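One file, input.cif, carrying mmCIF, C-alpha atoms and all ligand atoms:
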data_work
loop_
_atom_site.label_atom_id
_atom_site.label_comp_id
_atom_site.auth_asym_id
_atom_site.auth_seq_id
_atom_site.Cartn_x
_atom_site.Cartn_y
_atom_site.Cartn_z
CA MET A 1 -1.84 -7.46 30.88
CA PRO A 2 1.16 -5.18 31.60
CA THR A 3 0.22 -1.69 32.65
CA GLN A 4 0.32 0.87 29.91
CA THR A 5 1.91 4.02 31.17
CA HIS A 6 1.75 6.44 28.30
CA LEU A 7 -0.57 7.13 25.39
CA PRO A 8 0.11 10.03 23.07
CA THR A 9 -2.54 12.76 23.33
CA LYS A 10 -5.11 13.27 20.61
CA GLN A 11 -3.49 16.63 19.93
CA GLU A 12 -0.10 15.01 19.29
CA LEU A 13 -1.66 12.46 16.96
CA VAL A 14 -3.67 15.07 15.05
CA GLY A 15 -0.51 17.19 14.68
CA LEU A 16 1.38 14.29 13.12
CA ARG A 17 -1.47 13.25 10.86
CA ARG A 18 -1.89 16.79 9.51
CA GLU A 19 1.84 17.16 8.94
CA PHE A 20 1.91 13.96 6.85
CA HIS A 21 -1.35 14.90 5.12
CA ALA A 22 0.13 18.20 3.95
CA PHE A 23 3.05 16.56 2.14
CA PRO A 24 1.72 13.47 0.31
CA GLU A 25 4.22 11.38 -1.66
CA PRO A 26 3.30 8.51 -4.00
CA GLY A 27 4.79 5.00 -4.02
CA TRP A 28 8.61 4.65 -3.88
CA ARG A 29 8.85 8.45 -3.66
CA GLU A 30 8.02 8.74 0.07
CA TYR A 31 11.36 10.43 0.79
CA TRP A 32 10.28 13.21 3.12
CA THR A 33 7.71 10.91 4.72
CA THR A 34 10.43 8.35 5.51
CA VAL A 35 12.74 11.05 6.89
CA ARG A 36 9.99 12.30 9.22
CA ILE A 37 9.18 8.76 10.34
CA VAL A 38 12.86 8.14 11.16
CA GLU A 39 13.08 11.45 13.04
CA GLU A 40 10.10 10.44 15.15
CA LEU A 41 11.57 6.97 15.77
CA GLU A 42 14.79 8.62 16.96
CA ARG A 43 12.82 10.92 19.23
CA LEU A 44 11.03 7.92 20.73
CA GLY A 45 14.35 6.16 21.36
CA VAL A 46 13.58 3.12 19.17
CA ASP A 47 16.35 0.48 19.54
CA GLN A 48 16.81 -0.34 15.86
CA ILE A 49 15.74 1.75 12.88
CA HIS A 50 16.12 0.11 9.47
CA VAL A 51 15.75 1.94 6.16
CA GLY A 52 16.73 1.33 2.55
CA ASP A 53 18.16 -2.09 1.72
CA GLU A 54 18.01 -2.99 5.41
CA ALA A 55 14.24 -2.53 5.63
CA LEU A 56 13.15 -4.62 2.67
CA ASP A 57 14.34 -6.79 -0.21
CA SER A 58 15.07 -4.11 -2.80
CA ASP A 59 15.15 -6.60 -5.70
CA LYS A 60 11.51 -7.49 -5.01
CA ARG A 61 10.24 -3.92 -5.36
CA LEU A 62 7.60 -3.65 -8.10
CA GLY A 63 6.67 -0.61 -10.16
CA VAL A 64 9.61 1.59 -9.16
CA PRO A 65 9.43 4.80 -11.26
CA ASP A 66 12.26 5.88 -13.55
CA GLU A 67 15.30 7.81 -12.31
CA GLN A 68 14.01 11.19 -13.49
CA GLU A 69 10.76 10.81 -11.59
CA LEU A 70 12.57 9.57 -8.47
CA SER A 71 15.05 12.42 -8.43
CA ALA A 72 12.35 15.07 -8.88
CA TRP A 73 10.69 13.85 -5.66
CA TYR A 74 14.06 13.44 -3.94
CA GLU A 75 14.86 17.10 -4.63
CA ARG A 76 11.46 18.18 -3.38
CA ALA A 77 12.10 16.30 -0.13
CA ALA A 78 15.66 17.61 0.15
CA ALA A 79 14.32 21.17 0.05
CA ARG A 80 12.28 20.43 3.19
CA THR A 81 14.78 18.70 5.44
CA ASP A 82 18.42 18.93 6.43
CA ARG A 83 18.60 15.19 7.17
CA THR A 84 20.65 14.33 4.10
CA ASP A 85 22.11 11.42 6.10
CA ILE A 86 18.72 9.69 5.95
CA LEU A 87 17.90 10.83 2.42
CA GLU A 88 21.16 9.39 1.08
CA GLN A 89 20.29 5.98 2.51
CA ILE A 90 16.90 5.90 0.78
CA ALA A 91 17.86 7.46 -2.57
CA GLY A 92 16.82 5.50 -5.66
CA GLY A 93 13.34 4.66 -4.39
CA HIS A 94 14.42 2.77 -1.24
CA THR A 95 11.73 4.34 0.92
CA GLY A 96 10.02 2.89 3.99
CA ALA A 97 11.33 1.89 7.39
CA VAL A 98 11.19 -0.88 9.98
CA ALA A 99 11.33 -0.05 13.70
CA VAL A 100 12.35 -2.75 16.17
CA VAL A 101 12.04 -2.57 19.96
CA GLU A 102 13.48 -5.52 21.91
CA ARG A 103 12.75 -6.14 25.59
CA GLY A 104 14.01 -9.59 26.53
CA ASP A 105 12.39 -12.98 25.94
CA GLY A 106 8.91 -13.29 24.57
CA PRO A 107 6.97 -13.33 21.33
CA THR A 108 7.50 -10.95 18.42
CA VAL A 109 4.56 -8.77 17.44
CA GLY A 110 4.49 -6.87 14.16
CA LEU A 111 2.34 -3.92 13.13
CA ARG A 112 2.17 -3.10 9.45
CA VAL A 113 1.13 0.37 8.23
CA ASP A 114 1.40 1.83 4.73
CA ILE A 115 2.73 5.31 4.05
CA ASP A 116 2.10 6.31 0.41
CA ALA A 117 -0.30 8.78 -1.23
CA LEU A 118 -2.17 8.95 -4.54
CA PRO A 119 -1.95 11.01 -7.75
CA ILE A 120 -5.27 12.75 -7.04
CA PRO A 121 -5.65 16.57 -6.87
CA GLU A 122 -7.04 17.45 -3.44
CA SER A 123 -10.26 19.44 -3.20
CA SER A 124 -10.18 23.13 -2.21
CA ASP A 125 -13.89 23.13 -1.34
CA LYS A 126 -15.07 24.97 1.75
CA GLY A 127 -16.57 21.76 3.12
CA HIS A 128 -13.23 19.94 2.92
CA LYS A 129 -11.57 20.21 6.34
CA PRO A 130 -7.92 19.95 5.19
CA ALA A 131 -8.58 22.96 2.91
CA THR A 132 -10.35 25.09 5.54
CA GLU A 133 -8.02 24.18 8.41
CA GLY A 134 -4.79 24.73 6.51
CA PHE A 135 -3.35 21.26 5.98
CA ARG A 136 -4.41 20.61 2.41
CA SER A 137 -1.84 18.90 0.16
CA GLY A 138 1.22 21.02 -0.55
CA ASN A 139 2.12 18.68 -3.43
CA GLU A 140 -0.38 19.79 -6.05
CA GLY A 141 -1.89 16.84 -7.89
CA TYR A 142 -1.14 14.40 -5.06
CA MET A 143 -3.15 13.57 -1.99
CA HIS A 144 -3.46 11.30 1.00
CA ALA A 145 -6.86 10.14 -0.28
CA CYS A 146 -6.81 6.72 1.39
CA GLY A 147 -5.88 7.59 4.97
CA HIS A 148 -2.27 6.40 4.92
CA ASP A 149 -1.34 9.67 6.67
CA ALA A 150 -3.44 8.32 9.56
CA HIS A 151 -1.72 4.94 9.24
CA VAL A 152 1.75 6.48 9.67
CA THR A 153 0.37 8.26 12.73
CA LEU A 154 -1.08 5.03 14.14
CA GLY A 155 2.29 3.32 13.67
CA LEU A 156 4.18 6.08 15.48
CA GLY A 157 1.54 6.54 18.18
CA THR A 158 1.37 2.82 18.92
CA LEU A 159 5.16 2.65 19.14
CA GLN A 160 5.14 5.51 21.61
CA ALA A 161 2.53 3.80 23.77
CA VAL A 162 4.27 0.41 23.65
CA ILE A 163 7.83 1.65 24.12
CA GLU A 164 6.91 3.46 27.34
CA SER A 165 5.12 0.39 28.71
CA ASP A 166 6.35 -2.65 30.53
CA PHE A 167 6.53 -5.73 28.30
CA SER A 168 8.65 -8.72 27.42
CA GLY A 169 9.35 -9.65 23.81
CA THR A 170 9.91 -7.75 20.57
CA PHE A 171 7.73 -5.18 18.83
CA LYS A 172 8.27 -4.28 15.18
CA VAL A 173 6.50 -1.66 13.10
CA PHE A 174 6.66 -2.02 9.32
CA PHE A 175 6.23 1.36 7.62
CA GLN A 176 5.55 -0.04 4.17
CA PRO A 177 5.98 2.06 1.03
CA SER A 178 4.01 1.81 -2.20
CA GLU A 179 0.79 0.06 -1.21
CA GLU A 180 -1.37 1.90 -3.73
CA LEU A 181 0.75 0.51 -6.56
CA LEU A 182 0.74 -2.89 -4.81
CA GLY A 183 4.48 -2.69 -5.22
CA GLY A 184 5.87 -2.69 -1.68
CA GLY A 185 4.26 -5.60 0.15
CA LYS A 186 6.23 -8.34 -1.56
CA ALA A 187 9.53 -6.53 -0.97
CA MET A 188 8.81 -6.00 2.72
CA ALA A 189 7.58 -9.59 3.16
CA SER A 190 10.81 -10.83 1.54
CA GLY A 191 12.94 -8.57 3.73
CA PRO A 192 14.94 -9.55 6.80
CA HIS A 193 12.46 -8.58 9.53
CA ILE A 194 9.35 -10.72 8.98
CA ASP A 195 10.61 -14.25 9.66
CA ASP A 196 10.47 -14.15 13.46
CA VAL A 197 7.09 -12.38 13.68
CA ASP A 198 4.64 -14.51 15.67
CA TYR A 199 1.68 -12.14 15.44
CA LEU A 200 1.06 -9.55 12.74
CA ILE A 201 -1.60 -6.86 12.76
CA GLY A 202 -2.33 -4.71 9.71
CA ALA A 203 -4.82 -1.86 9.93
CA HIS A 204 -6.87 0.40 7.69
CA VAL A 205 -8.91 3.44 8.73
CA GLY A 206 -12.21 4.50 7.19
CA LEU A 207 -13.55 2.06 4.61
CA ASP A 208 -16.99 3.63 5.12
CA HIS A 209 -17.19 2.53 8.75
CA PRO A 210 -18.25 5.28 11.21
CA THR A 211 -15.87 6.37 13.96
CA GLY A 212 -16.25 4.03 16.90
CA THR A 213 -16.54 0.91 14.75
CA VAL A 214 -13.80 -1.70 14.89
CA VAL A 215 -13.60 -4.72 12.58
CA GLY A 216 -11.47 -7.57 13.92
CA GLY A 217 -10.64 -9.02 10.51
CA LEU A 218 -11.11 -7.64 6.99
CA ASP A 219 -11.17 -10.60 4.62
CA GLU A 220 -11.56 -11.56 1.00
CA ALA A 221 -9.03 -9.15 -0.49
CA LEU A 222 -8.84 -9.81 -4.22
CA ALA A 223 -5.54 -11.30 -5.38
CA PHE A 224 -4.06 -8.91 -7.91
CA ALA A 225 -1.46 -8.46 -10.64
CA ARG A 226 -0.66 -5.47 -12.84
CA PHE A 227 1.61 -5.42 -15.89
CA ASP A 228 3.09 -3.02 -18.38
CA VAL A 229 2.57 -4.45 -21.85
CA THR A 230 4.67 -3.24 -24.79
CA PHE A 231 4.24 -4.29 -28.42
CA THR A 232 7.14 -3.55 -30.74
CA GLY A 233 6.76 -3.73 -34.53
CA GLU A 234 8.21 -1.72 -37.37
CA SER A 235 7.17 1.64 -38.76
CA ALA A 236 6.36 2.24 -42.44
CA HIS A 237 4.56 4.81 -44.61
CA ALA A 238 0.84 4.07 -44.24
CA GLY A 239 0.18 5.15 -47.86
CA LEU A 240 3.32 4.16 -49.76
CA ALA A 241 4.28 0.89 -48.11
CA PRO A 242 1.81 -0.32 -45.47
CA ASN A 243 2.80 -3.91 -46.23
CA GLN A 244 6.33 -3.19 -45.01
CA GLY A 245 5.19 -2.18 -41.54
CA ARG A 246 4.51 -4.38 -38.52
CA ASN A 247 1.64 -2.71 -36.74
CA ALA A 248 2.04 -2.50 -32.96
CA VAL A 249 -1.22 -0.57 -32.48
CA HIS A 250 -3.20 -3.23 -34.30
CA ALA A 251 -1.62 -5.91 -32.09
CA LEU A 252 -2.46 -3.91 -28.95
CA VAL A 253 -6.07 -3.34 -30.01
CA ASP A 254 -6.56 -7.03 -30.83
CA ALA A 255 -5.04 -8.05 -27.50
CA THR A 256 -7.23 -5.56 -25.62
CA SER A 257 -10.40 -6.80 -27.24
CA ASN A 258 -9.50 -10.44 -26.58
CA ILE A 259 -8.47 -9.75 -22.97
CA TYR A 260 -11.96 -8.39 -22.28
CA GLY A 261 -13.29 -11.61 -23.78
CA ILE A 262 -11.58 -13.90 -21.25
CA PRO A 263 -14.37 -16.18 -20.00
CA ARG A 264 -15.52 -15.68 -16.39
CA HIS A 265 -14.46 -18.54 -14.12
CA ARG A 266 -17.00 -20.92 -12.61
CA GLU A 267 -15.17 -21.03 -9.28
CA GLY A 268 -15.44 -17.38 -8.34
CA ALA A 269 -15.10 -13.69 -9.03
CA THR A 270 -12.50 -12.31 -11.43
CA ARG A 271 -11.72 -8.83 -12.74
CA VAL A 272 -9.77 -7.43 -15.66
CA ASN A 273 -9.07 -3.93 -16.92
CA VAL A 274 -6.90 -2.48 -19.66
CA GLY A 275 -5.86 1.15 -19.17
CA GLU A 276 -3.40 3.76 -20.41
CA LEU A 277 -3.34 2.55 -24.01
CA ARG A 278 -0.70 4.62 -25.74
CA SER A 279 1.10 5.00 -29.03
CA ASP A 280 2.78 8.28 -29.88
CA ASN A 281 2.32 8.09 -33.60
CA ALA A 282 1.07 9.96 -36.66
CA ALA A 283 -1.95 8.84 -38.68
CA ASN A 284 0.16 8.27 -41.77
CA VAL A 285 2.67 6.00 -40.04
CA VAL A 286 2.30 2.32 -39.24
CA ALA A 287 2.99 2.35 -35.49
CA SER A 288 6.16 0.64 -34.32
CA GLU A 289 5.37 0.77 -30.60
CA ALA A 290 2.24 0.61 -28.47
CA THR A 291 1.88 0.20 -24.71
CA ALA A 292 -0.83 -0.47 -22.15
CA THR A 293 -1.22 -1.24 -18.50
CA VAL A 294 -3.32 -4.29 -17.66
CA GLU A 295 -4.58 -5.45 -14.29
CA VAL A 296 -6.30 -8.66 -13.23
CA ARG A 297 -7.86 -9.74 -9.97
CA GLY A 298 -9.38 -12.89 -8.54
CA GLU A 299 -11.20 -14.06 -5.45
CA SER A 300 -8.32 -16.49 -4.87
CA ASP A 301 -4.68 -16.59 -5.93
CA GLU A 302 -5.64 -19.36 -8.40
CA LEU A 303 -8.39 -17.28 -10.00
CA MET A 304 -6.03 -14.32 -10.36
CA GLU A 305 -3.45 -16.65 -11.94
CA TYR A 306 -6.08 -17.93 -14.37
CA MET A 307 -6.70 -14.34 -15.49
CA ARG A 308 -2.98 -13.55 -15.58
CA ASP A 309 -2.17 -16.60 -17.71
CA SER A 310 -5.02 -15.74 -20.07
CA VAL A 311 -3.73 -12.18 -20.49
CA HIS A 312 -0.25 -13.51 -21.28
CA ARG A 313 -1.69 -15.88 -23.88
CA HIS A 314 -3.70 -13.14 -25.63
CA VAL A 315 -0.76 -10.75 -25.65
CA ASP A 316 1.53 -13.40 -27.16
CA ALA A 317 -1.12 -14.41 -29.71
CA ALA A 318 -1.75 -10.81 -30.82
CA ALA A 319 1.99 -10.24 -31.16
CA ALA A 320 2.32 -13.36 -33.31
CA ALA A 321 -0.66 -12.43 -35.49
CA HIS A 322 0.86 -9.04 -36.31
CA ASP A 323 4.48 -10.16 -36.46
CA CYS A 324 5.37 -7.96 -33.49
CA GLU A 325 7.31 -8.62 -30.31
CA ALA A 326 5.57 -8.39 -26.95
CA ASP A 327 7.03 -7.63 -23.56
CA ILE A 328 5.09 -8.04 -20.33
CA SER A 329 6.54 -6.79 -17.07
CA LEU A 330 4.95 -7.21 -13.66
CA ILE A 331 4.58 -3.87 -11.83
CA GLY A 332 2.23 -4.72 -8.95
CA GLU A 333 1.01 -7.80 -7.11
CA SER A 334 -0.95 -8.91 -4.06
CA LEU A 335 -2.44 -12.11 -2.62
CA ARG A 336 -5.65 -13.31 -1.00
CA GLU A 337 -5.08 -13.90 2.69
CA ASP A 338 -7.72 -13.88 5.41
CA SER A 339 -7.46 -13.07 9.11
CA ASP A 340 -6.77 -15.71 11.77
CA GLU A 341 -9.58 -16.43 14.20
CA ALA A 342 -7.41 -16.12 17.32
CA LEU A 343 -6.35 -12.57 16.44
CA VAL A 344 -9.86 -11.58 15.34
CA ASP A 345 -10.98 -12.70 18.81
CA LEU A 346 -8.22 -10.76 20.53
CA VAL A 347 -8.89 -7.53 18.61
CA ALA A 348 -12.66 -7.80 19.12
CA GLU A 349 -12.26 -8.43 22.86
CA THR A 350 -9.68 -5.66 23.26
CA ALA A 351 -11.85 -3.18 21.34
CA LYS A 352 -14.75 -3.58 23.78
CA ASP A 353 -12.73 -1.83 26.49
CA VAL A 354 -11.42 1.03 24.34
CA ASP A 355 -12.88 4.49 24.98
CA GLY A 356 -14.86 5.70 21.98
CA VAL A 357 -15.57 2.24 20.54
CA SER A 358 -19.31 1.84 20.07
CA SER A 359 -19.55 -1.08 17.66
CA VAL A 360 -17.35 -4.16 17.31
CA ARG A 361 -17.72 -6.37 14.26
CA ARG A 362 -15.73 -9.56 14.13
CA ARG A 363 -15.28 -9.72 10.38
CA ASP A 364 -16.14 -7.83 7.23
CA ARG A 365 -15.30 -8.04 3.51
CA LEU A 366 -12.42 -5.91 2.29
CA GLY A 367 -13.31 -6.33 -1.38
CA ALA A 368 -10.37 -4.31 -2.75
CA SER A 369 -6.80 -5.57 -3.11
CA GLU A 370 -4.18 -5.11 -0.40
CA ASP A 371 -0.53 -6.13 -0.32
CA ALA A 372 -0.35 -6.48 3.47
CA THR A 373 -1.42 -9.97 2.39
CA PHE A 374 2.21 -10.73 1.46
CA LEU A 375 3.30 -10.03 5.04
CA MET A 376 0.32 -11.99 6.42
CA ARG A 377 1.23 -14.96 4.19
CA ALA A 378 4.89 -14.85 5.28
CA VAL A 379 3.94 -14.83 8.97
CA LYS A 380 1.42 -17.65 8.56
CA GLU A 381 3.88 -19.79 6.59
CA ASN A 382 6.26 -19.48 9.54
CA GLY A 383 3.56 -20.73 11.91
CA GLY A 384 2.47 -17.30 13.13
CA LYS A 385 -0.91 -15.59 13.05
CA ALA A 386 -2.08 -12.46 11.26
CA THR A 387 -5.07 -10.19 10.96
CA TYR A 388 -5.99 -7.10 8.97
CA ILE A 389 -8.30 -4.89 11.00
CA GLY A 390 -10.63 -1.99 10.25
CA ILE A 391 -10.79 1.20 12.33
CA GLY A 392 -13.85 3.29 11.49
CA GLY A 393 -13.17 6.95 10.67
CA SER A 394 -16.43 8.35 9.26
CA ASN A 395 -14.88 9.22 5.90
CA PRO A 396 -17.23 11.84 4.36
CA THR A 397 -16.61 10.61 0.80
CA GLY A 398 -15.19 7.42 -0.67
CA HIS A 399 -11.54 6.42 -0.63
CA HIS A 400 -9.49 7.75 -3.59
CA THR A 401 -11.72 10.82 -4.08
CA PRO A 402 -10.61 14.50 -3.88
CA THR A 403 -12.75 15.18 -0.79
CA PHE A 404 -11.69 12.08 1.16
CA ASP A 405 -10.94 12.79 4.81
CA ILE A 406 -10.97 10.91 8.10
CA ASP A 407 -12.46 11.84 11.43
CA GLU A 408 -9.39 12.40 13.62
CA ASP A 409 -11.21 10.91 16.63
CA CYS A 410 -10.25 7.56 15.09
CA LEU A 411 -6.56 8.24 15.87
CA PRO A 412 -6.64 7.88 19.69
CA ILE A 413 -9.09 4.99 19.32
CA GLY A 414 -6.73 3.25 16.90
CA VAL A 415 -3.62 3.82 19.01
CA THR A 416 -5.31 2.59 22.19
CA LEU A 417 -6.67 -0.48 20.44
CA LEU A 418 -3.41 -1.37 18.66
CA SER A 419 -1.20 -0.78 21.70
CA ASN A 420 -3.52 -2.69 24.06
CA ALA A 421 -3.71 -5.63 21.63
CA THR A 422 0.08 -5.56 21.17
CA LEU A 423 0.77 -5.42 24.91
CA ASP A 424 -1.68 -8.25 25.49
CA LEU A 425 0.33 -10.41 23.07
CA LEU A 426 3.62 -9.29 24.65
CA SER A 427 2.59 -10.03 28.22
ZN ZN B 501 -6.10 3.16 -1.35
ZN ZN B 502 -5.41 2.41 1.66
#
What would you get if you wrote out this structure as structure tokens?
Amino acid sequence: MPTQTHLPTKQELVGLRREFHAFPEPGWREYWTTVRIVEELERLGVDQIHVGDEALDSDKRLGVPDEQELSAWYERAAARTDRTDILEQIAGGHTGAVAVVERGDGPTVGLRVDIDALPIPESSDKGHKPATEGFRSGNEGYMHACGHDAHVTLGLGTLQAVIESDFSGTFKVFFQPSEELLGGGKAMASGPHIDDVDYLIGAHVGLDHPTGTVVGGLDEALAFARFDVTFTGESAHAGLAPNQGRNAVHALVDATSNIYGIPRHREGATRVNVGELRSDNAANVVASEATATVEVRGESDELMEYMRDSVHRHVDAAAAAHDCEADISLIGESLREDSDEALVDLVAETAKDVDGVSSVRRRDRLGASEDATFLMRAVKENGGKATYIGIGGSNPTGHHTPTFDIDEDCLPIGVTLLSNATLDLLS
């Protein structure tokens, strides 16, 4: 293994993590986050820094918010930075970045980290460390409640450790936007930087594992799809001429009820949920429009597709029954992809020699959905290998809750593990 000459200090890593924690931005709105990532990449002397259209396939982005929402977050970011040169390149929801470091012949290793936050108001409780130590969310109503602030830090810290080491080959870090919406993975996997990746490592902190635990491969992510569904009918007076209306609410309610009645599949687990049912309408008006968001999951891509096709069928049938039109648009998607044995081995072996690691598990179930699977699939289809690893962080409460936090001791552990594994592959 090449000698590793420089690891960032815990203090440096904690400083970065707290800075990102204090300014959480949700999917496709990570403007300031992307600017700060690029600034750090410049400081580290990264050879190539790609943002905007050059980082991912913009046409494959899913669930991009409307222009008004995007510009509100753009302005908020613009008030915090003078780097309008970077902001202009990522305007319109083209957030995220890819860093590339080339050092002669050798394999290409990729590290994928996600960078987005959630629409969750952060706790102000005394027991919540970000509140008591002054780095609670400055974007009220939004929060890094899944640890992606730590992921950005791991990406930058690992780059710093690798870039200052002796190696031969190419190292790429994918700072992926919009994981929580499952909207960014497909776009990044379809972008111009994945095809030559021989080994890909994705990582998640926490997941109820104590600090010191490393999982070599998190498997069994549920394949996932989310849609916006819109029924369009025709309004009419509910008392005077109900027969002249075409009732979009009735179509939506029928579809919802039937979607929950989709039979379970004999070959494995499936999930379905209908949320955000909406129709801005008065009680004396036959509703002309009704919308909902629907999500389906499956233990395999095929099981998810079974659920997705069933949802489509029920939506179309309800529209036909009520003489309405239905529109279904995909706004989030992920796959099922498991970790490769060779990389699980490498991570597990590497972890044994990392200071602070007290428990190494080869594999565990992820259970949730995760769009790093798109990048894993792309690498595997090109003959490469991929794994999605867990780095314990003693989260005091569950992911996506207002008191979520991570134990910052997991940052130096994660950086040492990821940089040692990377340098092993690049030797
Ligand atoms: Zn999450
Ligand atoms: Zn997450």
Q) Hey, which of A:Thr34, A:Thr401, A:Ser369, A:Thr170 ends up closest to Gly96 of chain A? Count only C-alpha atoms. A) A:Thr34
**Q.** Sphere at (22.8, 9.0, 11.4), radius 12 Å, counting only C-alpha atoms: residues as a list of chain:residue names
**A.** A:Val35, A:Val38, A:Glu39, A:Glu42, A:Gln48, A:Ile49, A:His50, A:Val51, A:Asp82, A:Arg83, A:Thr84, A:Asp85, A:Ile86, A:Leu87, A:Glu88, A:Gln89
Q.
Need the shell around Asp59 of chain A: protein/DNA/RNA residues with any atom at most 8 Å away, counting all atoms listed in the file. Skip same-chain ones fewer than 2 positions apart. Format as a PyMOL selection string?
A. chain A and resi 57+61+187
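Residues in contact with ligand ZN 501 (chain B) comprise Asp114, Asp116, Ala117, Leu118, His144, Ala145, Cys146, Gly147, His148, Glu179, Glu180, Leu181, Leu182, His204, Leu207, Ala368, Ser369, Glu370, His399, His400 and Thr401 of chain A, where contact means an atom-to-atom distance of at most 10 Å counting only C-alpha atoms and all ligand atoms.
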Q | Selected residue of minimal separation from Phe174 of chain A among A:Ile328, A:Ala372, A:Ile389, A:Val285, counting only C-alpha atoms | A |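 Nearest candidate to Phe174 of chain A out of A:Ile328, A:Ala372, A:Ile389, A:Val285: A:Ala372.
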